[in-house]
$ cat entry.csv   # CSV, C-alpha atoms
chain,number,residue,atom,x,y,z
P,1,MET,CA,-0.7,3.3,-34.1
P,2,ASP,CA,2.0,4.5,-36.4
P,3,GLU,CA,5.1,5.6,-34.6
P,4,ALA,CA,5.7,8.6,-36.9
P,5,LEU,CA,2.2,9.8,-36.5
P,6,ARG,CA,2.5,9.5,-32.8
P,7,SER,CA,5.7,11.6,-32.6
P,8,GLU,CA,4.2,14.1,-35.0
P,9,LEU,CA,1.1,14.5,-32.8
P,10,SER,CA,3.2,14.8,-29.7
P,11,LYS,CA,5.1,17.7,-31.3
P,12,GLN,CA,1.7,19.4,-31.5
P,13,GLY,CA,1.0,18.8,-27.9
P,14,ILE,CA,-1.3,15.8,-28.4
P,15,PHE,CA,-0.2,12.7,-26.5
P,16,THR,CA,-1.5,9.4,-27.5
P,17,THR,CA,-1.2,6.1,-25.6
P,18,THR,CA,-2.6,2.6,-25.5
P,19,LEU,CA,-4.6,0.9,-22.8
P,20,GLU,CA,-1.8,-1.6,-22.4
P,21,ASP,CA,0.7,1.2,-21.7
P,22,VAL,CA,-1.6,2.9,-19.2
P,23,TYR,CA,-2.2,-0.5,-17.5
P,24,ASN,CA,1.5,-1.3,-17.3
P,25,TRP,CA,2.3,2.2,-16.1
P,26,GLY,CA,-0.1,1.7,-13.3
P,27,ARG,CA,1.1,-1.7,-12.5
P,28,LYS,CA,4.8,-0.9,-12.5
P,29,ASN,CA,4.3,2.0,-10.1
P,30,SER,CA,2.3,0.0,-7.6
P,31,VAL,CA,4.1,-3.2,-7.0
P,32,TRP,CA,3.4,-4.8,-3.6
P,33,PRO,CA,6.2,-6.9,-2.3
P,34,LEU,CA,5.7,-9.8,0.0
P,35,SER,CA,7.4,-9.1,3.4
P,36,PHE,CA,9.4,-12.2,3.3
P,37,GLY,CA,13.1,-12.3,4.4
P,38,LEU,CA,15.1,-15.5,4.7
P,39,ALA,CA,18.6,-14.3,5.9
P,40,CYS,CA,20.9,-11.3,6.1
P,41,CYS,CA,19.8,-9.9,2.7
P,42,ALA,CA,16.4,-9.3,4.4
P,43,ILE,CA,18.2,-6.6,6.5
P,44,GLU,CA,19.2,-4.8,3.4
P,45,MET,CA,15.7,-5.2,2.0
P,46,ILE,CA,14.3,-3.6,5.2
P,47,ALA,CA,16.9,-0.8,4.9
P,48,ALA,CA,15.8,-0.3,1.3
P,49,SER,CA,12.2,0.1,2.4
P,50,MET,CA,12.9,2.5,5.2
P,51,ALA,CA,13.5,6.3,5.2
P,52,ARG,CA,17.1,6.4,4.1
P,53,PHE,CA,16.8,4.5,0.8
P,54,ASP,CA,13.0,4.8,0.5
P,55,LEU,CA,11.6,2.2,-1.8
P,56,ALA,CA,8.4,4.2,-1.6
P,57,ARG,CA,9.7,6.5,-4.3
P,58,PHE,CA,9.1,3.6,-6.7
P,59,GLY,CA,5.7,2.8,-5.4
P,60,ALA,CA,6.7,-0.4,-3.6
P,61,GLU,CA,6.5,0.6,0.0
P,62,VAL,CA,3.5,-1.6,0.8
P,63,PHE,CA,5.1,-4.8,2.0
P,64,ARG,CA,2.3,-7.3,2.5
P,65,PRO,CA,2.4,-10.0,5.1
P,66,SER,CA,0.0,-12.2,3.1
P,67,PRO,CA,1.0,-13.7,-0.3
P,68,ARG,CA,-2.6,-13.2,-1.4
P,69,GLN,CA,-2.1,-9.5,-1.5
P,70,ALA,CA,1.4,-9.4,-2.9
P,71,ASP,CA,2.7,-9.5,-6.5
P,72,LEU,CA,6.4,-9.3,-6.0
P,73,MET,CA,8.4,-11.9,-4.1
P,74,ILE,CA,11.9,-10.7,-3.0
P,75,VAL,CA,13.8,-13.9,-2.2
P,76,ALA,CA,16.2,-12.2,0.3
P,77,GLY,CA,18.7,-14.7,1.6
P,78,THR,CA,19.8,-18.3,1.7
P,79,VAL,CA,17.1,-20.7,0.7
P,80,THR,CA,17.7,-23.9,2.7
P,81,LYS,CA,16.3,-27.1,1.4
P,82,LYS,CA,14.0,-27.1,4.4
P,83,MET,CA,12.6,-23.7,3.4
P,84,ALA,CA,12.4,-24.3,-0.4
P,85,PRO,CA,9.0,-26.0,-0.4
P,86,GLN,CA,7.6,-23.1,1.7
P,87,VAL,CA,9.0,-20.6,-0.7
P,88,VAL,CA,7.5,-22.3,-3.7
P,89,ARG,CA,4.1,-22.7,-1.9
P,90,LEU,CA,4.1,-19.0,-1.0
P,91,TYR,CA,4.9,-18.2,-4.6
P,92,ASN,CA,2.0,-20.4,-5.7
P,93,GLN,CA,-0.3,-18.5,-3.4
P,94,MET,CA,0.4,-15.1,-4.8
P,95,PRO,CA,-2.1,-13.9,-7.4
P,96,GLU,CA,-1.1,-13.4,-11.0
P,97,PRO,CA,0.7,-11.5,-12.5
P,98,LYS,CA,3.6,-12.0,-10.1
P,99,TYR,CA,7.3,-11.4,-10.2
P,100,VAL,CA,10.4,-12.6,-8.4
P,101,ILE,CA,13.6,-10.8,-7.5
P,102,ALA,CA,16.3,-13.2,-6.3
P,103,MET,CA,18.4,-11.1,-4.0
P,104,GLY,CA,21.9,-11.9,-3.1
P,105,ALA,CA,24.4,-14.6,-4.0
P,106,CYS,CA,22.6,-17.2,-1.9
P,107,ALA,CA,19.2,-16.8,-3.6
P,108,ILE,CA,20.7,-16.9,-7.1
P,109,SER,CA,23.2,-19.7,-6.7
P,110,GLY,CA,23.6,-20.8,-3.1
P,111,GLY,CA,26.4,-18.3,-2.6
P,112,PRO,CA,29.0,-19.0,0.0
P,113,PHE,CA,27.0,-22.0,1.2
P,114,LYS,CA,26.8,-23.6,-2.2
P,115,GLN,CA,28.7,-26.6,-1.0
P,116,GLY,CA,26.4,-27.0,2.0
P,117,TYR,CA,24.3,-30.2,2.0
P,118,ASN,CA,21.3,-28.3,3.1
P,119,VAL,CA,21.3,-25.2,0.8
P,120,LEU,CA,19.4,-24.9,-2.4
P,121,LYS,CA,21.7,-23.8,-5.2
P,122,GLY,CA,19.5,-21.0,-6.4
P,123,ILE,CA,15.7,-20.5,-6.1
P,124,ASP,CA,15.5,-20.3,-9.9
P,125,ARG,CA,15.5,-24.1,-9.9
P,126,TYR,CA,11.9,-24.0,-8.8
P,127,ILE,CA,10.3,-20.7,-9.6
P,128,PRO,CA,10.9,-18.3,-12.5
P,129,VAL,CA,13.1,-15.4,-11.4
P,130,ASP,CA,12.7,-12.1,-13.2
P,131,VAL,CA,15.7,-10.2,-11.8
P,132,HIS,CA,18.9,-11.6,-10.2
P,133,ILE,CA,20.9,-9.4,-7.9
P,134,PRO,CA,24.5,-10.5,-7.1
P,135,GLY,CA,26.1,-9.4,-3.9
P,136,CYS,CA,26.7,-10.7,-0.4
P,137,PRO,CA,24.5,-9.0,0.7
P,138,PRO,CA,23.6,-6.5,-2.1
P,139,ARG,CA,23.4,-2.9,-1.0
P,140,PRO,CA,20.0,-1.3,-0.9
P,141,GLU,CA,21.0,0.6,-4.1
P,142,ALA,CA,21.4,-2.7,-5.8
P,143,LEU,CA,17.9,-3.7,-4.8
P,144,LEU,CA,16.6,-0.3,-6.0
P,145,HIS,CA,18.4,-1.0,-9.4
P,146,ALA,CA,16.8,-4.5,-9.5
P,147,PHE,CA,13.5,-2.9,-8.8
P,148,MET,CA,13.9,-0.4,-11.6
P,149,THR,CA,14.9,-3.2,-13.9
P,150,LEU,CA,11.7,-5.1,-12.9
P,151,GLN,CA,9.7,-1.9,-13.6
P,152,ALA,CA,11.2,-1.7,-17.1
P,153,LYS,CA,10.3,-5.3,-17.6
P,154,ILE,CA,6.7,-4.8,-16.5
P,155,ASP,CA,6.5,-1.7,-18.7
P,156,GLU,CA,7.4,-3.8,-21.8
P,157,GLN,CA,5.1,-6.7,-21.0
P,158,ALA,CA,2.6,-7.2,-23.8
P,159,LEU,CA,-0.9,-8.3,-22.8
P,160,THR,CA,-1.6,-10.1,-26.1
P,161,GLY,CA,0.4,-12.0,-28.6
P,162,GLN,CA,3.1,-14.6,-28.2
P,163,PHE,CA,4.9,-13.0,-25.3
P,164,ARG,CA,1.8,-12.4,-23.1
P,165,PRO,CA,2.2,-13.2,-19.4
P,166,ARG,CA,1.9,-16.7,-18.2
P,167,HIS,CA,-1.5,-16.3,-16.5
P,168,LEU,CA,-3.1,-15.2,-19.8
P,169,VAL,CA,-2.1,-18.5,-21.5
P,170,GLN,CA,-5.0,-20.8,-21.2
P,171,ASP,CA,-3.0,-24.0,-21.0
P,172,SER,CA,-0.3,-23.0,-18.6
P,173,PRO,CA,-0.7,-24.4,-15.1
P,174,SER,CA,-1.5,-22.0,-12.3
P,175,GLU,CA,1.0,-23.5,-9.8
P,176,PHE,CA,4.5,-24.7,-9.8
P,177,PRO,CA,5.2,-28.2,-8.3
P,178,VAL,CA,6.2,-28.0,-4.7
P,179,PRO,CA,9.3,-30.1,-4.0
P,180,GLU,CA,9.3,-32.6,-1.2
P,181,PHE,CA,11.9,-34.2,1.0
P,182,GLY,CA,13.4,-37.3,-0.6
P,183,GLU,CA,15.9,-39.7,0.8
P,184,HIS,CA,18.9,-37.5,-0.1
P,185,ASP,CA,17.7,-34.3,-1.6
P,186,LEU,CA,14.6,-32.4,-2.5
P,187,GLU,CA,12.5,-34.3,-5.1
P,188,PRO,CA,12.5,-33.2,-7.8
P,189,PRO,CA,15.9,-31.5,-7.4
P,190,SER,CA,14.8,-28.9,-9.9
P,191,ASN,CA,11.8,-28.0,-12.0
P,192,PRO,CA,12.8,-28.8,-15.6
P,193,ASP,CA,10.1,-26.4,-16.9
P,194,VAL,CA,11.8,-23.5,-15.1
P,195,TRP,CA,15.4,-24.4,-14.7
P,196,HIS,CA,17.6,-24.5,-17.8
P,197,PRO,CA,21.2,-24.9,-16.7
P,198,PRO,CA,23.8,-24.1,-19.3
P,199,ALA,CA,25.1,-27.3,-20.8
P,200,LEU,CA,28.7,-28.1,-20.4
P,201,ALA,CA,30.6,-28.6,-23.6
P,202,LYS,CA,33.8,-30.5,-23.5
P,203,ALA,CA,36.7,-28.8,-25.3
P,204,GLU,CA,38.1,-31.0,-28.0
T,1,MET,CA,-34.0,27.2,-20.6
T,2,GLN,CA,-37.6,25.9,-20.9
T,3,SER,CA,-38.6,23.9,-18.0
T,4,PRO,CA,-39.6,20.3,-18.7
T,5,ASP,CA,-43.1,19.0,-18.3
T,6,ASN,CA,-42.3,17.0,-15.2
T,7,PRO,CA,-40.1,18.7,-12.7
T,8,TYR,CA,-38.8,15.4,-11.4
T,9,LEU,CA,-37.4,14.5,-14.9
T,10,LEU,CA,-34.2,16.5,-14.3
T,11,ILE,CA,-33.7,14.8,-11.0
T,12,ILE,CA,-34.1,11.3,-12.6
T,13,VAL,CA,-31.6,12.3,-15.3
T,14,LEU,CA,-29.1,13.5,-12.6
T,15,LEU,CA,-29.7,10.4,-10.6
T,16,LEU,CA,-29.0,8.1,-13.5
T,17,GLY,CA,-25.8,10.1,-14.2
T,18,ALA,CA,-24.7,9.9,-10.6
T,19,VAL,CA,-25.3,6.1,-10.4
T,20,GLY,CA,-23.6,5.6,-13.8
T,21,PHE,CA,-20.6,7.7,-12.6
T,22,GLY,CA,-20.2,5.3,-9.7
T,23,LEU,CA,-21.0,2.0,-11.5
T,24,LEU,CA,-19.1,2.6,-14.8
T,25,PRO,CA,-15.5,2.4,-13.4
T,26,LEU,CA,-16.5,-0.7,-11.4
T,27,ALA,CA,-18.0,-2.3,-14.5
T,28,LEU,CA,-14.9,-1.4,-16.6
T,29,ALA,CA,-12.6,-2.8,-14.0
T,30,TRP,CA,-14.7,-6.0,-13.9
T,31,LEU,CA,-14.6,-6.3,-17.6
T,32,TRP,CA,-10.9,-5.7,-17.7
T,33,ALA,CA,-10.3,-8.3,-15.0
T,34,LYS,CA,-12.4,-10.8,-16.9
T,35,LYS,CA,-10.2,-10.3,-19.9
T,36,PHE,CA,-6.7,-9.7,-18.5
T,37,SER,CA,-6.8,-11.3,-15.0
T,38,PRO,CA,-8.6,-14.6,-15.3
T,39,PRO,CA,-8.9,-16.6,-12.1
T,40,LYS,CA,-6.4,-19.4,-11.9
T,41,PRO,CA,-7.3,-21.4,-8.8
T,42,GLY,CA,-5.2,-24.2,-7.6
T,43,GLN,CA,-4.6,-26.5,-4.6
T,44,ASP,CA,-1.9,-24.3,-3.0
T,45,LYS,CA,-3.6,-21.1,-3.9
T,46,ASN,CA,-6.9,-22.1,-2.3
T,47,ALA,CA,-5.1,-23.5,0.8
T,48,ILE,CA,-6.2,-22.0,4.1
T,49,TYR,CA,-2.8,-21.1,5.5
T,50,GLU,CA,-0.9,-18.2,4.1
T,51,CYS,CA,2.4,-18.9,5.9
T,52,GLY,CA,3.8,-21.4,3.3
T,53,LEU,CA,3.2,-24.4,5.6
T,54,GLU,CA,0.6,-27.0,5.0
T,55,SER,CA,-2.1,-27.3,7.7
T,56,LYS,CA,-1.9,-30.5,9.6
T,57,GLY,CA,-4.7,-32.2,11.6
T,58,ASP,CA,-8.0,-30.8,12.6
T,59,ALA,CA,-8.6,-27.2,13.6
T,60,TRP,CA,-11.4,-28.3,16.1
T,61,ILE,CA,-9.2,-29.3,19.0
T,62,GLN,CA,-10.1,-28.9,22.6
T,63,PHE,CA,-8.2,-26.9,25.2
T,64,LYS,CA,-8.1,-28.1,28.8
T,65,SER,CA,-10.4,-26.1,31.0
T,66,GLU,CA,-8.1,-26.5,34.0
T,67,TYR,CA,-6.0,-23.8,32.7
T,68,TYR,CA,-8.9,-21.4,33.4
T,69,LEU,CA,-8.6,-22.1,37.2
T,70,TYR,CA,-4.9,-21.5,37.1
T,71,ALA,CA,-5.4,-18.2,35.4
T,72,ILE,CA,-8.0,-17.1,38.0
T,73,ILE,CA,-5.8,-18.0,40.9
T,74,PHE,CA,-2.8,-16.3,39.3
T,75,LEU,CA,-4.9,-13.2,38.7
T,76,ILE,CA,-6.0,-13.0,42.3
T,77,PHE,CA,-2.5,-13.3,43.7
T,78,ASP,CA,-1.2,-11.0,41.1
T,79,VAL,CA,-3.6,-8.3,42.4
T,80,GLU,CA,-2.6,-9.2,45.9
T,81,THR,CA,1.1,-8.3,45.2
T,82,ILE,CA,0.0,-4.9,44.1
T,83,PHE,CA,-1.4,-4.3,47.6
T,84,LEU,CA,1.5,-6.0,49.3
T,85,LEU,CA,4.1,-3.6,47.9
T,86,PRO,CA,2.7,-0.4,49.5
T,87,PHE,CA,1.9,-2.4,52.6
T,88,ALA,CA,5.6,-3.4,52.9
T,89,VAL,CA,6.8,0.1,52.1
T,90,ALA,CA,4.5,1.7,54.8
T,91,PHE,CA,4.9,-1.1,57.2
T,92,THR,CA,6.7,0.8,60.0
T,93,GLY,CA,4.3,3.7,60.0
T,94,LEU,CA,1.1,1.6,60.1
T,95,THR,CA,-1.4,1.6,62.9
T,96,VAL,CA,-2.5,-1.6,64.6
T,97,GLY,CA,-5.9,-1.4,62.9
T,98,ALA,CA,-4.5,-1.1,59.4
T,99,PHE,CA,-2.1,-4.0,60.1
T,100,ILE,CA,-5.0,-6.2,61.3
T,101,ALA,CA,-7.1,-5.2,58.2
T,102,MET,CA,-4.2,-6.2,55.9
T,103,MET,CA,-3.7,-9.5,57.7
T,104,VAL,CA,-7.4,-10.3,57.3
T,105,PHE,CA,-7.1,-9.5,53.6
T,106,LEU,CA,-4.1,-11.8,53.3
T,107,LEU,CA,-5.9,-14.5,55.4
T,108,LEU,CA,-8.9,-14.5,53.1
T,109,LEU,CA,-6.7,-15.0,50.0
T,110,VAL,CA,-4.6,-17.7,51.7
T,111,GLU,CA,-7.8,-19.4,52.7
T,112,GLY,CA,-8.8,-19.4,49.1
T,113,LEU,CA,-5.5,-20.9,48.1
T,114,PHE,CA,-5.9,-23.7,50.7
T,115,TRP,CA,-9.4,-24.3,49.4
T,116,ALA,CA,-8.1,-24.6,45.9
T,117,TRP,CA,-5.3,-26.9,47.1
T,118,GLN,CA,-7.8,-29.1,48.9
T,119,LYS,CA,-10.0,-29.4,45.8
T,120,GLY,CA,-6.9,-30.6,43.9
T,121,VAL,CA,-6.9,-27.7,41.5
T,122,LEU,CA,-3.2,-27.2,41.7
T,123,THR,CA,-2.5,-30.7,40.5
T,124,TRP,CA,-2.3,-30.8,36.7
T,125,LYS,CA,-4.2,-33.7,35.4

$ encode --input "entry.csv" --output "structure tokens"
Amino acid sequence: MDEALRSELSKQGIFTTTLEDVYNWGRKNSVWPLSFGLACCAIEMIAASMARFDLARFGAEVFRPSPRQADLMIVAGTVTKKMAPQVVRLYNQMPEPKYVIAMGACAISGGPFKQGYNVLKGIDRYIPVDVHIPGCPPRPEALLHAFMTLQAKIDEQALTGQFRPRHLVQDSPSEFPVPEFGEHDLEPPSNPDVWHPPALAKAE
Amino acid sequence: MQSPDNPYLLIIVLLLGAVGFGLLPLALAWLWAKKFSPPKPGQDKNAIYECGLESKGDAWIQFKSEYYLYAIIFLIFDVETIFLLPFAVAFTGLTVGAFIAMMVFLLLLVEGLFWAWQKGVLTWK
């Protein structure tokens, strides 16, 4: 629909919309997170969901204990290499369309434990992360902001065309490969389809 | 309004409307899901466990039935302690008859314990 016509109509008190907008509006206001905490960030996530910060204002108060009923995974805390396969498997078990918020320094990069032999240096090595929140731990307000960012992202998601969500692309696989314990590290150490580290360029 | 030939016609029309009112949203949701939420099954997604761990071994394992006897004996002596406490509290004020009745009660239970001991129930095999 023509944008000018739409604004002209809305001036006359006639509001038009598309099915996609209504669908996304419903989806973004009813996100069900997986109740899944890994470390101290989970305490802030719990605080965000309780009365003082009240995540329910954004329609996300229904924390589901089963991945099959959840569509948002908040990776709240340090992902150890022992836990990483389970995180990926849980993500695989969630129904599409699904979203990931990496909460806290550990989940996005390994944080203060980055040098640790047993800590994964960011969950975005294995699963696609929609919103990263820095902080150690991030305050509940930061999680709320991340959630609002995710809502904006859902709102703009096109159902058709080139940028349609992954599950509507026929050829894309439904699951991400679960890493396994190798001799020294998780194998593979990252999923090249998901993880695109910035290339280091040497200064001449 | 002129009444229709068959008085039940209106009811049928209303019935169809009512059923359609219920079924139409379901059908629309089904069609929408067909188009915009196609099933994407996978090995992990269809797995039985929902805790992120892989299931190991067989679910059809057997539990030892001996535990049942332990549980029964525990329950009996657990109930006995409930009687023992008021017995101990009221001990100085009890009559001889009440004391003997309590002792008989205790004797019966201790007898049972000896019986279980003799049968070898208390030894975990």

$ interface_residues --input "entry.csv" --of "chain P" --to "chain T" --cutoff "9 Å" --atoms "only C-alpha atoms" --output "PyMOL selection string"
chain P and resi 65-68+85-97+159+167-168+173-175

$ atom_distance --input "entry.csv" --atom1 "atom CA of Ala98 of chain T" --atom2 "atom CA of Ile82 of chain T"
16.4 Å

$ residues_around --input "entry.csv" --residues "His184 of chain P" --least-positions-apart "6" --cutoff "12 Å" --atoms "only C-alpha atoms" --output "MDAnalysis selection string"
chainID P and resid 81 117:118

$ atom_distance --input "entry.csv" --atom1 "atom CA of Phe21 of chain T" --atom2 "atom CA of Thr18 of chain P"
22.7 Å

$ closest_residue --input "entry.csv" --among "P:Val62, P:Ala203, P:Lys114, P:Leu72" --to "Met50 of chain P" --atoms "only C-alpha atoms"
P:Val62

$ atom_distance --input "entry.csv" --atom1 "atom CA of Gly59 of chain P" --atom2 "atom CA of Val129 of chain P"
20.5 Å

$ closest_residue --input "entry.csv" --among "P:Gln151, P:Ser7, P:Asn29, P:Asn191" --to "Val178 of chain P" --atoms "all atoms listed in the file"
P:Asn191

$ residues_around --input "entry.csv" --residues "segment 116-123 of chain T" --least-positions-apart "5" --cutoff "9 Å" --atoms "all atoms listed in the file" --output "mmCIF file with C-alpha atoms, in the frame of the given file"
data_model
loop_
_atom_site.group_PDB
_atom_site.id
_atom_site.type_symbol
_atom_site.label_atom_id
_atom_site.label_comp_id
_atom_site.auth_asym_id
_atom_site.auth_seq_id
_atom_site.Cartn_x
_atom_site.Cartn_y
_atom_site.Cartn_z
ATOM 1 C CA GLU T 66 -8.100 -26.500 34.000
ATOM 2 C CA LEU T 69 -8.600 -22.100 37.200
ATOM 3 C CA TYR T 70 -4.900 -21.500 37.100
ATOM 4 C CA ILE T 73 -5.800 -18.000 40.900
ATOM 5 C CA GLU T 111 -7.800 -19.400 52.700
#

$ closest_residue --input "entry.csv" --among "P:Ser35, P:Thr149, P:Thr160, P:Thr78" --to "Ala105 of chain P" --atoms "all atoms listed in the file"
P:Thr78
